[in-house]
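As stored in coords-v7.pdb (PDB, C-alpha atoms):
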ATOM      1  CA  MET A1008     -17.993  15.582   8.935
ATOM      2  CA  SER A1009     -16.557  12.481   7.280
ATOM      3  CA  ALA A1010     -17.160  12.026   3.571
ATOM      4  CA  PRO A1011     -19.211   8.886   2.840
ATOM      5  CA  SER A1012     -17.432   6.021   1.146
ATOM      6  CA  PRO A1013     -18.763   5.107  -2.308
ATOM      7  CA  TYR A1014     -17.946   1.517  -1.346
ATOM      8  CA  ALA A1015     -19.571   1.505   2.106
ATOM      9  CA  ASP A1016     -22.432  -0.807   1.168
ATOM     10  CA  ARG A1017     -20.097  -3.479  -0.203
ATOM     11  CA  LEU A1018     -17.754  -3.151   2.767
ATOM     12  CA  SER A1019     -20.643  -3.542   5.208
ATOM     13  CA  ARG A1020     -21.319  -6.997   3.763
ATOM     14  CA  LEU A1021     -17.786  -8.226   4.438
ATOM     15  CA  PRO A1022     -17.143 -10.090   7.681
ATOM     16  CA  VAL A1023     -14.125  -8.536   9.410
ATOM     17  CA  GLU A1024     -12.227  -9.313  12.606
ATOM     18  CA  ARG A1025      -9.354  -7.460  14.236
ATOM     19  CA  ARG A1026      -6.536  -9.642  15.530
ATOM     20  CA  GLU A1027      -3.000  -9.309  16.913
ATOM     21  CA  VAL A1028       0.093 -11.472  16.639
ATOM     22  CA  GLU A1029       3.593 -11.149  18.083
ATOM     23  CA  VAL A1030       6.133 -10.508  15.335
ATOM     24  CA  ARG A1031       9.789  -9.588  15.879
ATOM     25  CA  GLY A1032       9.283  -8.627  19.493
ATOM     26  CA  GLY A1033       6.179  -6.498  19.036
ATOM     27  CA  LEU A1034       2.456  -6.865  18.456
ATOM     28  CA  THR A1035       1.244  -6.518  14.879
ATOM     29  CA  ALA A1036      -2.395  -5.533  14.481
ATOM     30  CA  TYR A1037      -4.159  -7.030  11.489
ATOM     31  CA  TRP A1038      -7.664  -7.371  10.106
ATOM     32  CA  GLU A1039      -9.143 -10.465   8.500
ATOM     33  CA  TYR A1040     -11.768  -9.849   5.824
ATOM     34  CA  GLY A1041     -14.009 -12.290   4.015
ATOM     35  CA  PRO A1042     -14.885 -15.935   4.598
ATOM     36  CA  ALA A1043     -12.490 -17.840   6.840
ATOM     37  CA  ASP A1044     -12.981 -20.982   4.734
ATOM     38  CA  SER A1045     -12.131 -19.343   1.397
ATOM     39  CA  ASP A1046      -9.952 -21.277  -1.015
ATOM     40  CA  VAL A1047      -7.841 -18.130  -1.493
ATOM     41  CA  THR A1048      -5.954 -16.238   1.232
ATOM     42  CA  VAL A1049      -4.229 -12.945   0.457
ATOM     43  CA  ILE A1050      -1.927 -10.877   2.663
ATOM     44  CA  ALA A1051      -2.349  -7.229   1.632
ATOM     45  CA  VAL A1052       0.414  -4.729   2.491
ATOM     46  CA  HIS A1053      -0.485  -1.038   2.404
ATOM     47  CA  GLY A1054       1.557   1.917   1.191
ATOM     48  CA  PHE A1055       3.667   4.635   2.788
ATOM     49  CA  ARG A1056       2.019   6.694   5.562
ATOM     50  CA  GLY A1057      -1.235   4.761   5.294
ATOM     51  CA  ASP A1058      -2.623   1.802   7.181
ATOM     52  CA  HIS A1059      -4.868  -1.179   6.406
ATOM     53  CA  HIS A1060      -7.844   1.079   5.621
ATOM     54  CA  GLY A1061      -6.216   2.138   2.351
ATOM     55  CA  LEU A1062      -6.888  -1.187   0.630
ATOM     56  CA  GLU A1063     -10.421  -1.719   1.952
ATOM     57  CA  SER A1064     -12.022  -0.364  -1.216
ATOM     58  CA  VAL A1065     -10.314  -3.062  -3.282
ATOM     59  CA  LEU A1066     -11.274  -5.733  -0.747
ATOM     60  CA  ALA A1067     -14.903  -4.641  -1.054
ATOM     61  CA  PHE A1068     -14.829  -6.046  -4.587
ATOM     62  CA  LEU A1069     -13.147  -9.317  -3.522
ATOM     63  CA  PRO A1070     -15.756 -10.740  -1.129
ATOM     64  CA  GLU A1071     -14.910 -14.309  -2.143
ATOM     65  CA  ALA A1072     -11.337 -14.145  -0.802
ATOM     66  CA  ARG A1073      -9.978 -14.246   2.727
ATOM     67  CA  VAL A1074      -7.781 -11.163   2.969
ATOM     68  CA  ILE A1075      -5.422 -10.425   5.848
ATOM     69  CA  ALA A1076      -4.479  -6.739   6.068
ATOM     70  CA  PRO A1077      -1.883  -5.749   8.686
ATOM     71  CA  ASP A1078      -0.765  -2.303   9.729
ATOM     72  CA  LEU A1079       2.954  -1.957   9.010
ATOM     73  CA  PRO A1080       5.109  -1.469  12.129
ATOM     74  CA  GLY A1081       5.048   2.205  13.084
ATOM     75  CA  PHE A1082       1.742   2.897  11.330
ATOM     76  CA  GLY A1083      -1.901   2.624  12.320
ATOM     77  CA  GLU A1084      -2.301   0.359  15.330
ATOM     78  CA  THR A1085       1.023  -1.483  15.045
ATOM     79  CA  ALA A1086       3.596   0.136  17.308
ATOM     80  CA  PRO A1087       7.281   0.013  16.369
ATOM     81  CA  VAL A1088       9.706  -1.962  18.507
ATOM     82  CA  GLY A1089      12.098   0.306  20.362
ATOM     83  CA  GLY A1090      15.695   0.318  19.174
ATOM     84  CA  ARG A1091      14.929  -0.905  15.662
ATOM     85  CA  THR A1092      15.661   1.012  12.481
ATOM     86  CA  TYR A1093      12.750   0.460  10.118
ATOM     87  CA  ASP A1094      14.684   0.193   6.890
ATOM     88  CA  LEU A1095      13.701  -2.127   4.046
ATOM     89  CA  ASP A1096      15.531  -5.109   5.563
ATOM     90  CA  GLU A1097      13.519  -4.734   8.759
ATOM     91  CA  TYR A1098      10.205  -4.531   6.914
ATOM     92  CA  VAL A1099      11.150  -7.604   4.872
ATOM     93  CA  ALA A1100      12.009  -9.536   8.035
ATOM     94  CA  TRP A1101       8.736  -8.385   9.617
ATOM     95  CA  LEU A1102       6.609  -9.434   6.616
ATOM     96  CA  THR A1103       8.334 -12.807   6.321
ATOM     97  CA  GLU A1104       7.739 -13.600   9.988
ATOM     98  CA  PHE A1105       4.181 -12.238   9.893
ATOM     99  CA  ALA A1106       3.258 -14.386   6.894
ATOM    100  CA  THR A1107       4.806 -17.463   8.493
ATOM    101  CA  GLU A1108       2.874 -16.920  11.723
ATOM    102  CA  VAL A1109      -0.518 -15.945  10.308
ATOM    103  CA  ALA A1110      -0.951 -17.396   6.813
ATOM    104  CA  PRO A1111       1.962 -19.415   5.406
ATOM    105  CA  GLY A1112       1.626 -19.890   1.675
ATOM    106  CA  ALA A1113      -0.770 -16.975   1.191
ATOM    107  CA  VAL A1114      -0.852 -14.861  -1.948
ATOM    108  CA  ILE A1115       1.117 -11.655  -1.311
ATOM    109  CA  LEU A1116      -0.201  -8.250  -2.430
ATOM    110  CA  GLY A1117       1.486  -4.878  -2.016
ATOM    111  CA  HIS A1118       0.454  -1.344  -2.921
ATOM    112  CA  SER A1119       2.995   1.454  -3.615
ATOM    113  CA  PHE A1120       5.611   1.251  -0.822
ATOM    114  CA  GLY A1121       4.045  -2.116  -0.059
ATOM    115  CA  SER A1122       5.079  -3.204  -3.565
ATOM    116  CA  ILE A1123       8.713  -2.617  -2.609
ATOM    117  CA  VAL A1124       8.394  -4.482   0.694
ATOM    118  CA  THR A1125       6.573  -7.456  -0.829
ATOM    119  CA  SER A1126       8.806  -7.817  -3.884
ATOM    120  CA  ALA A1127      11.927  -7.575  -1.721
ATOM    121  CA  ALA A1128      10.534 -10.219   0.639
ATOM    122  CA  VAL A1129       9.618 -12.618  -2.171
ATOM    123  CA  ALA A1130      13.025 -12.100  -3.785
ATOM    124  CA  ALA A1131      14.600 -12.919  -0.404
ATOM    125  CA  GLY A1132      12.719 -16.210  -0.132
ATOM    126  CA  LEU A1133       9.200 -15.538   1.187
ATOM    127  CA  GLN A1134       7.150 -18.408  -0.234
ATOM    128  CA  THR A1135       3.972 -17.482  -2.076
ATOM    129  CA  PRO A1136       2.093 -18.957  -5.047
ATOM    130  CA  ARG A1137       1.348 -15.502  -6.512
ATOM    131  CA  LEU A1138       2.589 -11.923  -6.117
ATOM    132  CA  ILE A1139       0.376  -8.903  -6.870
ATOM    133  CA  LEU A1140       1.735  -5.353  -7.104
ATOM    134  CA  ILE A1141      -0.673  -2.398  -7.304
ATOM    135  CA  ASN A1142       0.853   0.940  -8.376
ATOM    136  CA  PRO A1143       4.316  -0.648  -8.134
ATOM    137  CA  ILE A1144       7.237   1.705  -7.569
ATOM    138  CA  GLY A1145       9.119   0.682 -10.676
ATOM    139  CA  ALA A1146      12.119   3.008 -10.818
ATOM    140  CA  PRO A1147      14.339   5.090  -8.510
ATOM    141  CA  ALA A1148      12.233   7.923  -7.095
ATOM    142  CA  LEU A1149      14.985  10.517  -7.522
ATOM    143  CA  GLU A1150      15.166   9.902 -11.262
ATOM    144  CA  GLY A1151      12.735  10.697 -14.049
ATOM    145  CA  PRO A1152      10.245  13.538 -14.596
ATOM    146  CA  LYS A1153       9.142  13.749 -10.942
ATOM    147  CA  GLY A1154      12.643  13.732  -9.464
ATOM    148  CA  ILE A1155      12.388  17.384  -8.445
ATOM    149  CA  MET A1156       9.173  16.726  -6.506
ATOM    150  CA  THR A1157      10.825  13.783  -4.770
ATOM    151  CA  ARG A1158      13.751  15.984  -3.749
ATOM    152  CA  LEU A1159      11.302  18.473  -2.257
ATOM    153  CA  ALA A1160       9.752  15.598  -0.317
ATOM    154  CA  VAL A1161      13.230  14.600   0.908
ATOM    155  CA  LEU A1162      13.724  18.145   2.207
ATOM    156  CA  TYR A1163      10.314  18.076   3.889
ATOM    157  CA  TYR A1164      10.967  14.805   5.728
ATOM    158  CA  SER A1165      14.523  15.855   6.586
ATOM    159  CA  LEU A1166      13.252  19.100   8.091
ATOM    160  CA  GLY A1167      10.630  17.219  10.052
ATOM    161  CA  ALA A1168      13.370  15.004  11.494
ATOM    162  CA  ARG A1169      15.732  17.863  12.358
ATOM    163  CA  LEU A1170      13.380  20.336  13.998
ATOM    164  CA  PRO A1171      12.693  20.057  17.731
ATOM    165  CA  GLU A1172      10.492  17.001  18.187
ATOM    166  CA  ARG A1173       7.211  18.799  18.803
ATOM    167  CA  ALA A1174       7.670  21.191  15.885
ATOM    168  CA  GLY A1175       8.954  18.472  13.566
ATOM    169  CA  THR A1176       6.048  16.134  14.314
ATOM    170  CA  ALA A1177       3.568  18.983  13.835
ATOM    171  CA  LEU A1178       5.092  19.734  10.432
ATOM    172  CA  LEU A1179       4.859  16.101   9.361
ATOM    173  CA  ARG A1180       1.216  15.919  10.465
ATOM    174  CA  ASN A1181       0.272  19.312   9.030
ATOM    175  CA  ARG A1182      -3.230  18.976   7.565
ATOM    176  CA  LEU A1183      -2.614  21.533   4.823
ATOM    177  CA  ILE A1184       0.446  19.656   3.547
ATOM    178  CA  VAL A1185      -1.450  16.353   3.708
ATOM    179  CA  ARG A1186      -4.238  17.942   1.675
ATOM    180  CA  VAL A1187      -1.780  19.220  -0.945
ATOM    181  CA  MET A1188      -0.385  15.676  -1.278
ATOM    182  CA  SER A1189      -3.906  14.306  -1.649
ATOM    183  CA  ILE A1190      -4.899  16.847  -4.284
ATOM    184  CA  ALA A1191      -1.729  16.153  -6.264
ATOM    185  CA  MET A1192      -2.381  12.405  -6.382
ATOM    186  CA  ALA A1193      -6.124  12.393  -7.093
ATOM    187  CA  LYS A1194      -7.050  12.358 -10.794
ATOM    188  CA  THR A1195     -10.813  11.885 -10.621
ATOM    189  CA  THR A1196     -13.084  14.814 -11.426
ATOM    190  CA  ASP A1197     -15.950  13.330  -9.397
ATOM    191  CA  PRO A1198     -16.389  15.777  -6.476
ATOM    192  CA  GLU A1199     -17.834  13.174  -4.111
ATOM    193  CA  LEU A1200     -15.021  10.730  -4.806
ATOM    194  CA  ARG A1201     -12.431  13.494  -4.340
ATOM    195  CA  ARG A1202     -13.971  14.386  -0.964
ATOM    196  CA  PHE A1203     -13.793  10.735   0.054
ATOM    197  CA  ILE A1204     -10.129  10.503  -0.970
ATOM    198  CA  HIS A1205      -9.206  13.660   0.943
ATOM    199  CA  ASP A1206     -11.135  12.427   3.977
ATOM    200  CA  GLN A1207      -9.255   9.125   3.895
ATOM    201  CA  HIS A1208      -5.913  10.912   3.804
ATOM    202  CA  ASP A1209      -6.995  13.279   6.584
ATOM    203  CA  ALA A1210      -8.038  10.314   8.732
ATOM    204  CA  TYR A1211      -5.203   7.866   8.124
ATOM    205  CA  PHE A1212      -2.195   9.587   6.531
ATOM    206  CA  SER A1213      -0.801  10.852   9.832
ATOM    207  CA  ARG A1214      -1.274   7.780  12.011
ATOM    208  CA  PHE A1215       2.467   7.131  12.234
ATOM    209  CA  ALA A1216       3.955   6.381  15.654
ATOM    210  CA  ASP A1217       6.659   9.026  15.605
ATOM    211  CA  ARG A1218       8.795  11.012  13.231
ATOM    212  CA  ASP A1219      11.722   8.587  13.465
ATOM    213  CA  VAL A1220       9.773   5.636  12.077
ATOM    214  CA  LEU A1221       8.253   7.899   9.416
ATOM    215  CA  ARG A1222      11.711   9.088   8.375
ATOM    216  CA  ASP A1223      13.019   5.517   8.227
ATOM    217  CA  ALA A1224      10.105   4.385   6.065
ATOM    218  CA  PHE A1225      10.436   7.386   3.762
ATOM    219  CA  VAL A1226      14.149   6.774   3.250
ATOM    220  CA  ALA A1227      13.384   3.122   2.461
ATOM    221  CA  SER A1228      10.671   4.174  -0.013
ATOM    222  CA  VAL A1229      12.942   6.485  -2.021
ATOM    223  CA  SER A1230      16.100   4.364  -1.744
ATOM    224  CA  HIS A1231      14.626   1.224  -3.296
ATOM    225  CA  ASP A1232      12.225   0.177  -6.026
ATOM    226  CA  VAL A1233      10.735  -2.998  -7.447
ATOM    227  CA  SER A1234      13.178  -3.125 -10.373
ATOM    228  CA  GLU A1235      15.944  -4.109  -7.920
ATOM    229  CA  PHE A1236      14.181  -7.373  -7.137
ATOM    230  CA  ALA A1237      12.270  -8.262 -10.304
ATOM    231  CA  GLU A1238      14.917 -10.505 -11.856
ATOM    232  CA  SER A1239      15.168 -12.520  -8.624
ATOM    233  CA  ILE A1240      11.444 -13.333  -8.577
ATOM    234  CA  SER A1241      10.244 -16.471 -10.351
ATOM    235  CA  THR A1242       6.802 -16.418  -8.728
ATOM    236  CA  PRO A1243       3.941 -15.601 -11.144
ATOM    237  CA  THR A1244       3.416 -11.870 -10.705
ATOM    238  CA  LEU A1245       0.683  -9.396 -11.607
ATOM    239  CA  LEU A1246       1.408  -5.687 -11.981
ATOM    240  CA  ILE A1247      -1.600  -3.345 -11.866
ATOM    241  CA  ALA A1248      -0.467   0.080 -13.022
ATOM    242  CA  ALA A1249      -2.091   3.428 -13.749
ATOM    243  CA  GLN A1250      -1.618   5.234 -17.019
ATOM    244  CA  ARG A1251      -1.486   8.620 -15.247
ATOM    245  CA  ASP A1252       0.702   7.691 -12.288
ATOM    246  CA  ASP A1253       2.987  10.611 -11.418
ATOM    247  CA  ILE A1254       5.289   8.469  -9.269
ATOM    248  CA  THR A1255       6.105   5.730 -11.777
ATOM    249  CA  PRO A1256       5.208   6.567 -15.394
ATOM    250  CA  ILE A1257       3.387   3.861 -17.307
ATOM    251  CA  GLU A1258       6.281   3.603 -19.773
ATOM    252  CA  VAL A1259       8.487   2.511 -16.876
ATOM    253  CA  GLU A1260       5.943  -0.087 -15.775
ATOM    254  CA  ARG A1261       5.875  -1.513 -19.313
ATOM    255  CA  GLU A1262       9.626  -2.046 -19.092
ATOM    256  CA  LEU A1263       9.486  -3.307 -15.508
ATOM    257  CA  VAL A1264       7.162  -6.206 -16.314
ATOM    258  CA  LYS A1265       9.740  -7.554 -18.780
ATOM    259  CA  ARG A1266      12.291  -7.971 -15.978
ATOM    260  CA  PHE A1267      10.257 -10.636 -14.184
ATOM    261  CA  ASP A1268      10.520 -14.285 -15.117
ATOM    262  CA  ASP A1269       6.730 -14.705 -15.241
ATOM    263  CA  ALA A1270       4.678 -11.508 -15.049
ATOM    264  CA  SER A1271       1.785  -9.699 -16.664
ATOM    265  CA  LEU A1272       0.746  -6.058 -16.640
ATOM    266  CA  VAL A1273      -2.779  -4.668 -16.398
ATOM    267  CA  GLU A1274      -3.046  -0.970 -17.214
ATOM    268  CA  ILE A1275      -5.879   1.176 -15.876
ATOM    269  CA  ALA A1276      -6.674   4.385 -17.756
ATOM    270  CA  HIS A1277      -7.672   7.788 -16.383
ATOM    271  CA  VAL A1278      -6.210   7.168 -12.935
ATOM    272  CA  GLY A1279      -2.946   7.915 -11.139
ATOM    273  CA  HIS A1280      -1.346   6.608  -7.950
ATOM    274  CA  LEU A1281      -4.692   6.071  -6.217
ATOM    275  CA  ILE A1282      -5.999   3.000  -8.032
ATOM    276  CA  HIS A1283      -7.121   1.640  -4.654
ATOM    277  CA  TYR A1284      -9.471   4.613  -4.151
ATOM    278  CA  GLU A1285     -10.472   5.623  -7.673
ATOM    279  CA  THR A1286     -10.757   2.328  -9.567
ATOM    280  CA  PRO A1287     -10.924  -0.456  -6.965
ATOM    281  CA  ALA A1288     -13.413  -2.516  -8.982
ATOM    282  CA  GLU A1289     -11.041  -2.631 -11.952
ATOM    283  CA  ALA A1290      -8.129  -3.571  -9.685
ATOM    284  CA  ALA A1291     -10.151  -6.293  -7.977
ATOM    285  CA  GLY A1292     -11.253  -7.635 -11.368
ATOM    286  CA  ALA A1293      -7.632  -7.961 -12.441
ATOM    287  CA  VAL A1294      -6.792  -9.728  -9.165
ATOM    288  CA  ARG A1295      -9.746 -12.086  -9.546
ATOM    289  CA  ARG A1296      -8.754 -13.072 -13.066
ATOM    290  CA  PHE A1297      -5.137 -13.569 -12.018
ATOM    291  CA  LEU A1298      -6.134 -15.788  -9.107
ATOM    292  CA  ARG A1299      -9.010 -17.369 -11.063
ATOM    293  CA  ILE A1300     -11.542 -16.480  -8.360
ATOM    294  CA  PRO A1301     -15.138 -16.917  -9.538
ATOM    295  CA  VAL A1302     -17.542 -14.028  -9.025
ATOM    296  CA  ALA A1303     -19.808 -14.505  -6.016
ATOM    297  CA  ARG A1304     -23.507 -14.738  -6.801
ATOM    298  CA  GLY A1305     -25.511 -11.575  -6.298
ATOM    299  CA  LEU A1306     -22.466  -9.290  -6.391
TER     300      LEU A1306
END
Give the structure from the file, written as structure tokens.
Amino acid sequence: MSAPSPYADRLSRLPVERREVEVRGGLTAYWEYGPADSDVTVIAVHGFRGDHHGLESVLAFLPEARVIAPDLPGFGETAPVGGRTYDLDEYVAWLTEFATEVAPGAVILGHSFGSIVTSAAVAAGLQTPRLILINPIGAPALEGPKGIMTRLAVLYYSLGARLPERAGTALLRNRLIVRVMSIAMAKTTDPELRRFIHDQHDAYFSRFADRDVLRDAFVASVSHDVSEFAESISTPTLLIAAQRDDITPIEVERELVKRFDDASLVEIAHVGHLIHYETPAEAAGAVRRFLRIPVARGL
């Protein structure tokens, strides 16, 4: 039985439409939330192994904005294009073309791995009036206090790629391993919220197309970080970081924000890498203030 979402009532009030667009030789599935005539349009890019569902809880607290949430190629309902290697350059090219086709000039938002893709794209010339990074990956994953855990993850994904295809895919989709990842990231002590988080990971964390695209995306996620691109970004930028994030410590985020030409940092206490699940209202509030979106009446 699925765990109920604490944000279901708010989400039910949001208009949403599923759409598709051809990007780089393949169809990208995306969902459009909120009023079509909003003064603010945001393109929201999800994190590694997830799909557009991951950011819905934040969108539930931004009913005034039009938000476009695609599934990255190889994840969710967006199939990869055969013959392509989905490294960071490919994801940047995909995002740039997607934004141009669907919502040129939109605000760009990225969570976790999405923070790497979006910052790299903006640094490479993607035009946007604002950039928002939630749980940004602010330093090389193989360095710092969690470097050992990252190396274990490298071994896990390498083994999944090297085993016979059926066995390797089964390992990468193993529900027990997914649950261990979920438990490690969740910081809340609320049992109902923890059940919801685990249910979300069970439902959406293994919706990758195949092990090759998963391996490519993982290599991109641990080979790059936002600090590579920060000094090349002049766009006003908002970093929303967690004080208990095990992937990028808050001390690193405090240094990262200084590398941008025009950036601010909002810190959220008592939460780790799952701001989008555990404290979406706080994240949405920071986004609203950054974009100067007024609060809708009755919400």
Fill in: A:Met1156, A:Val1074, A:Ala1293, A:Val1273 ranked by distance to Ala1110 (chain A), top pick (using all atoms listed in the file)
A:Val1074
Worksheet entry | Who sits within 7 Å of Ala1072 (chain A), only C-alpha atoms, same chain under 4 positions skipped, as a count of residues only | 5
Fill in: Residue neighbourhood Pro1136 (chain A), 8 Å, only C-alpha atoms, exclusion window fewer than 3 positions, as a PyMOL selection string
chain A and resi 1112-1114+1242-1243
Box for region 1107-1115 of chain A - axis-aligned, 8 Å on each of the six sides, all listed atoms - centre and size in Å to one decimal, as AutoDock Vina command-line options.
--center_x 1.9 --center_y -15.8 --center_z 4.9 --size_x 21.8 --size_y 24.2 --size_z 29.7
Worksheet entry | Output of the PyMOL selection byres ((chain A and resi 1035) around 8), listed as a list in words | Glu1027, Val1028, Glu1029, Val1030, Gly1033, Leu1034, Ala1036, Tyr1037, Pro1077, Asp1078, Leu1079, Pro1080, Glu1084, Thr1085 and Ala1086 of chain A
Please, could you write that set of residues out with C-alpha atoms as a PDB file, in the frame of the given file?
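The resulting file, again34.pdb, is shown below:
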ATOM      1  CA  GLU A1027      -3.000  -9.309  16.913  1.00  0.00           C
ATOM      2  CA  VAL A1028       0.093 -11.472  16.639  1.00  0.00           C
ATOM      3  CA  GLU A1029       3.593 -11.149  18.083  1.00  0.00           C
ATOM      4  CA  VAL A1030       6.133 -10.508  15.335  1.00  0.00           C
ATOM      5  CA  GLY A1033       6.179  -6.498  19.036  1.00  0.00           C
ATOM      6  CA  LEU A1034       2.456  -6.865  18.456  1.00  0.00           C
ATOM      7  CA  ALA A1036      -2.395  -5.533  14.481  1.00  0.00           C
ATOM      8  CA  TYR A1037      -4.159  -7.030  11.489  1.00  0.00           C
ATOM      9  CA  PRO A1077      -1.883  -5.749   8.686  1.00  0.00           C
ATOM     10  CA  ASP A1078      -0.765  -2.303   9.729  1.00  0.00           C
ATOM     11  CA  LEU A1079       2.954  -1.957   9.010  1.00  0.00           C
ATOM     12  CA  PRO A1080       5.109  -1.469  12.129  1.00  0.00           C
ATOM     13  CA  GLU A1084      -2.301   0.359  15.330  1.00  0.00           C
ATOM     14  CA  THR A1085       1.023  -1.483  15.045  1.00  0.00           C
ATOM     15  CA  ALA A1086       3.596   0.136  17.308  1.00  0.00           C
TER      16      ALA A1086
END
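Applied to the file shown here, the PyMOL selection byres ((chain A and resi 1258) around 12) selects Gly1145, Ala1146, Gly1151, Pro1152, Ala1248, Ala1249, Gln1250, Arg1251, Asp1252, Asp1253, Ile1254, Thr1255, Pro1256, Ile1257, Val1259, Glu1260, Arg1261, Glu1262, Leu1263, Val1264, Lys1265, Leu1272 and Glu1274 of chain A.
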Worksheet item: the PyMOL selection byres ((chain A and resi 1059) around 6) on the file shown: which residues, as JSON, numbers by chain?
Response: {"A": [1053, 1058, 1060, 1061, 1076, 1077, 1078]}
